[in-house]
Amino acid sequence: MEIVERSPGVLAPQWRLTSIGIAVSISLFAFEGLAVATAMPSAVRELRGLAFFGWSYSAFLVMNLVGLGAAGQWCDRVGPRRPLLTGIAVFTAGLLVAGTAVNMVIFVLGRSAQGIGVGLASTAVFKLVATAYPPELRPRALAIISAAYVVPALVGPILSGTITAHVGWRWVFLGLVPLALACGGALLRALRMSAAPEGTSAGGFRKPLFALLAGGGVVVLQAGGNAVVAGRTPLTVLLLGAGLLALVAGLRELLPRGSTRLRRGVPAVIAVRGLLAGAFYAVESVVPLSLATLHGFGTAAAGLPLLAGSIGWWAGAQAQGRITRMTRPSLLRWGLVALACCFVGMAALCLEGAPGWPVYLLWIVGGLGMGVSVPTTGVLVLEQSAEEETGTNSSALQISDVTAAGLGTSAAGVLVGATEAGHLGFGAGMGVLGVVAAAVCAAAAAGASRTARAGESTAVG
């Protein structure tokens, strides 16, 4: 393995505004995702909408999938300009609606618009990376996307909490409006240079409808899992059956054929991305709760591992953009091995008498694995996609990520509910979650060689 610096980089004059615009837009979406958790308690109290609390998250997830489903073919048909600017505009409208909401129904509508906007814009950003940067700079351009999540993770909860406490929760949303408009302006030059492709297939409403079906399936499956915990057997069978059918029907249309079988090439890349996202976000969602419950950590100390993970993610993203003497499938395999080791360690910390402090080191390792793996899957998809397919395949990659993350966090939530209901001990439940997540990543690592093109070697160069 050799790490080499190349020049010019993504901040060279010809790409500087594009790189800054991408970084600002992704940071904006990430900050909003983190900030809403801090602002929600105040919003619910003021709008008297506790019954709609969960819908503010579910609506975002479902409509985010709809945006992702719509963006892929649209980007391939007309290029990234209109989908990206439309996504930013819809996201901005969602911020305004949520920030001025007079009841929770309107607030949820605002969150829905934000989900659509993020789905449209994030897919268009991938298309922009494919059209604006030469192939040798794409790993670093995708590293910008991963790194753009770090600053919001560092300052998002503190900043949004301060704004909520001293100015009001509405400004957590309204204050982002000028930044959203600014990032659209920063990307205009690069978008003007992105010519519309020729001879691409027509789009339509088919994929967004199937994305809506898949997103609804995730929500219904979560409801079915909660019904299992509550012991409502007839309702459980109905919800789980309906949710599973909706999810499978939706994903069959949205993902490339062969994804469930890890068919060599893009289908395997998309499947591996889903596996690592589902495992990571499932475990991440319970890290603070586990530290507080099993080890007696305070709120601040229990949340610090997520900060450590963000730093590890940034380091991994930067490293993968500079490694040139290792094939992408091999790099992906090492990232997945790091994740599996992290989750095995997390399971061990759930044993009686185990200390809690190693979680800080483990979560750096987990973040490092994600920082290496996530951009690498993006690079593999762009390398193996024809120009007229980059939007569709990038959309499928992110649909796999978002759907698996939703399923993973839902499963973790159901498991926590089962421990609360006394069906099993909390430590045992979290230990099982860690072991399952490690097994998923180990299986994905074993299949990483299938992410290469047919006949392409995965040996270290």
# chains A, B, ... in the order shown; residues from 1 in each chain; ligands from 1
>>> residues_around(residues="Leu239 of chain A", least_positions_apart="3", cutoff="12 Å", atoms="only C-alpha atoms", output="list in words")
Gly216, Gly217, Val218, Val219, Val220, Leu221, Gln222, Ala223, Gly224, Gly225, Asn226, Ala227, Val228, Arg232, Thr233, Pro234, Leu235, Thr236, Ala242, Gly243, Leu244, Leu245, Ala246 and Leu247 of chain A
>>> residues_around(residues="Ser290 of chain A", least_positions_apart="5", cutoff="12 Å", atoms="only C-alpha atoms", output="PyMOL selection string")
chain A and resi 283-285+295-299+301-303+305+346-347+349-351+355-356+359+412+416+419+425-431+433-434
>>> residues_around(residues="segment 308-323 of chain A", least_positions_apart="6", cutoff="8 Å", atoms="only C-alpha atoms", output="ChimeraX atom specification")
/A:1-5,139-140,143-144,146-147,149-150,153-154,331,360-361,363-372,375-376
>>> residues_around(residues="segment 394-399 of chain A", least_positions_apart="4", cutoff="6 Å", atoms="only C-alpha atoms", output="PyMOL selection string")
chain A and resi 68+72+123+255+270+390+403
>>> write_last_selection(atoms="C-alpha atoms", output="mmCIF file, in the first residue's frame")
data_model
loop_
_atom_site.group_PDB
_atom_site.id
_atom_site.type_symbol
_atom_site.label_atom_id
_atom_site.label_comp_id
_atom_site.auth_asym_id
_atom_site.auth_seq_id
_atom_site.Cartn_x
_atom_site.Cartn_y
_atom_site.Cartn_z
ATOM 1 C CA LEU A 68 -33.827 9.446 -4.223
ATOM 2 C CA GLY A 72 -31.691 8.930 -10.480
ATOM 3 C CA THR A 123 -28.202 12.057 -5.826
ATOM 4 C CA LEU A 255 -32.168 -1.727 -6.921
ATOM 5 C CA ILE A 270 -25.020 -1.559 -3.681
ATOM 6 C CA THR A 390 -24.441 7.246 -13.040
ATOM 7 C CA THR A 403 -33.389 1.860 3.619
#
>>> residues_around(residues="segment 171-178 of chain A", least_positions_apart="6", cutoff="7 Å", atoms="only C-alpha atoms", output="tab-separated table (two decimals) with all heavy atoms, in the first residue's frame")
chain	number	residue	atom	x	y	z
A	35	ALA	N	-29.79	18.55	14.03
A	35	ALA	CA	-30.41	19.64	14.78
A	35	ALA	C	-31.86	19.34	15.13
A	35	ALA	O	-32.34	19.74	16.19
A	35	ALA	CB	-30.34	20.94	13.98
A	92	THR	N	-35.28	24.01	1.01
A	92	THR	CA	-35.45	25.35	1.60
A	92	THR	C	-36.91	25.61	1.93
A	92	THR	O	-37.23	26.17	2.99
A	92	THR	CB	-34.92	26.42	0.62
A	92	THR	OG1	-33.55	26.13	0.30
A	92	THR	CG2	-35.02	27.80	1.23
A	95	LEU	N	-37.72	23.87	5.08
A	95	LEU	CA	-37.24	24.61	6.25
A	95	LEU	C	-38.20	25.73	6.63
A	95	LEU	O	-38.51	25.95	7.81
A	95	LEU	CB	-35.86	25.21	5.96
A	95	LEU	CG	-34.70	24.23	5.75
A	95	LEU	CD1	-33.44	24.99	5.32
A	95	LEU	CD2	-34.41	23.44	7.02
A	96	LEU	N	-38.68	26.45	5.62
A	96	LEU	CA	-39.61	27.57	5.88
A	96	LEU	C	-40.93	27.05	6.45
A	96	LEU	O	-41.48	27.64	7.38
A	96	LEU	CB	-39.86	28.35	4.58
A	96	LEU	CG	-38.68	29.17	4.06
A	96	LEU	CD1	-38.95	29.68	2.64
A	96	LEU	CD2	-38.40	30.35	4.99
A	98	ALA	N	-41.51	24.17	8.11
A	98	ALA	CA	-41.32	23.67	9.47
A	98	ALA	C	-41.08	24.81	10.45
A	98	ALA	O	-41.59	24.81	11.57
A	98	ALA	CB	-40.15	22.68	9.50
A	99	GLY	N	-40.29	25.79	10.02
A	99	GLY	CA	-39.96	26.90	10.91
A	99	GLY	C	-41.11	27.83	11.21
A	99	GLY	O	-41.07	28.56	12.21
A	160	SER	N	-27.43	23.86	17.87
A	160	SER	CA	-28.89	23.84	17.78
A	160	SER	C	-29.51	23.94	19.17
A	160	SER	O	-30.57	24.57	19.34
A	160	SER	CB	-29.37	22.56	17.08
A	160	SER	OG	-28.98	21.41	17.80
A	163	ILE	N	-29.32	27.63	20.11
A	163	ILE	CA	-30.33	28.40	19.37
A	163	ILE	C	-31.71	28.14	19.93
A	163	ILE	O	-32.51	29.08	20.13
A	163	ILE	CB	-30.27	28.03	17.87
A	163	ILE	CG1	-28.95	28.51	17.25
A	163	ILE	CG2	-31.46	28.63	17.11
A	163	ILE	CD1	-28.73	28.01	15.84
A	164	THR	N	-32.03	26.89	20.19
A	164	THR	CA	-33.34	26.54	20.73
A	164	THR	C	-33.58	27.20	22.07
A	164	THR	O	-34.68	27.73	22.35
A	164	THR	CB	-33.48	25.01	20.87
A	164	THR	OG1	-33.32	24.41	19.58
A	164	THR	CG2	-34.83	24.63	21.43
>>> atom_distance(atom1="atom CA of Gly168 of chain A", atom2="atom CA of Gly115 of chain A")
22.5 Å
>>> select_by_dssp(residues="segment 352-425 of chain A", states="alpha helix (DSSP H)", output="PyMOL selection string")
chain A and resi 358-384+390-420
>>> residues_around(residues="Ala340 of chain A", least_positions_apart="3", cutoff="9 Å", atoms="only C-alpha atoms", output="count of residues only")
17
>>> residues_around(residues="Asn393 of chain A", least_positions_apart="3", cutoff="12 Å", atoms="only C-alpha atoms", output="ChimeraX atom specification")
/A:68-69,71-76,123-124,126-127,130,254-257,259,265-271,377-390,396-400
>>> decode(residues="segment 134-188 of chain A", atoms="C-alpha atoms", output="JSON list (two decimals), in the first residue's frame")
[["chain", "number", "residue", "atom", "x", "y", "z"],
["A", 134, "PRO", "CA", -11.66, 13.66, -13.65],
["A", 135, "PRO", "CA", -11.62, 10.00, -12.52],
["A", 136, "GLU", "CA", -8.43, 10.33, -10.48],
["A", 137, "LEU", "CA", -10.00, 13.09, -8.33],
["A", 138, "ARG", "CA", -13.33, 11.38, -7.68],
["A", 139, "PRO", "CA", -12.13, 9.54, -4.53],
["A", 140, "ARG", "CA", -11.12, 12.89, -3.02],
["A", 141, "ALA", "CA", -14.33, 14.53, -4.18],
["A", 142, "LEU", "CA", -16.33, 11.78, -2.49],
["A", 143, "ALA", "CA", -14.13, 12.22, 0.60],
["A", 144, "ILE", "CA", -15.47, 15.79, 0.74],
["A", 145, "ILE", "CA", -18.98, 14.34, 1.11],
["A", 146, "SER", "CA", -17.92, 12.12, 4.01],
["A", 147, "ALA", "CA", -15.86, 14.86, 5.66],
["A", 148, "ALA", "CA", -18.77, 17.29, 5.36],
["A", 149, "TYR", "CA", -20.62, 15.28, 8.00],
["A", 150, "VAL", "CA", -17.90, 15.85, 10.60],
["A", 151, "VAL", "CA", -18.37, 19.55, 11.41],
["A", 152, "PRO", "CA", -22.15, 19.18, 11.92],
["A", 153, "ALA", "CA", -21.49, 16.21, 14.20],
["A", 154, "LEU", "CA", -19.01, 18.30, 16.22],
["A", 155, "VAL", "CA", -21.05, 21.48, 16.60],
["A", 156, "GLY", "CA", -24.60, 20.56, 15.51],
["A", 157, "PRO", "CA", -26.14, 19.43, 18.80],
["A", 158, "ILE", "CA", -24.46, 22.22, 20.82],
["A", 159, "LEU", "CA", -25.30, 24.95, 18.32],
["A", 160, "SER", "CA", -28.89, 23.84, 17.78],
["A", 161, "GLY", "CA", -29.38, 23.47, 21.54],
["A", 162, "THR", "CA", -28.09, 27.00, 22.11],
["A", 163, "ILE", "CA", -30.33, 28.40, 19.37],
["A", 164, "THR", "CA", -33.34, 26.54, 20.73],
["A", 165, "ALA", "CA", -32.70, 27.75, 24.27],
["A", 166, "HIS", "CA", -31.96, 31.41, 23.53],
["A", 167, "VAL", "CA", -33.69, 32.26, 20.24],
["A", 168, "GLY", "CA", -36.29, 29.53, 19.72],
["A", 169, "TRP", "CA", -36.56, 26.17, 17.98],
["A", 170, "ARG", "CA", -37.97, 27.76, 14.82],
["A", 171, "TRP", "CA", -34.61, 29.37, 14.05],
["A", 172, "VAL", "CA", -32.94, 25.98, 13.92],
["A", 173, "PHE", "CA", -34.79, 25.67, 10.60],
["A", 174, "LEU", "CA", -35.17, 29.28, 9.47],
["A", 175, "GLY", "CA", -31.53, 30.08, 10.14],
["A", 176, "LEU", "CA", -30.46, 27.54, 7.51],
["A", 177, "VAL", "CA", -32.41, 29.20, 4.69],
["A", 178, "PRO", "CA", -29.69, 31.74, 3.70],
["A", 179, "LEU", "CA", -27.06, 28.98, 3.75],
["A", 180, "ALA", "CA", -29.17, 26.78, 1.50],
["A", 181, "LEU", "CA", -29.52, 29.58, -1.04],
["A", 182, "ALA", "CA", -25.79, 30.35, -0.81],
["A", 183, "CYS", "CA", -24.73, 26.76, -1.52],
["A", 184, "GLY", "CA", -26.98, 26.69, -4.60],
["A", 185, "GLY", "CA", -25.26, 29.85, -5.81],
["A", 186, "ALA", "CA", -21.80, 28.39, -5.20],
["A", 187, "LEU", "CA", -22.63, 25.40, -7.42],
["A", 188, "LEU", "CA", -24.13, 27.37, -10.31]]
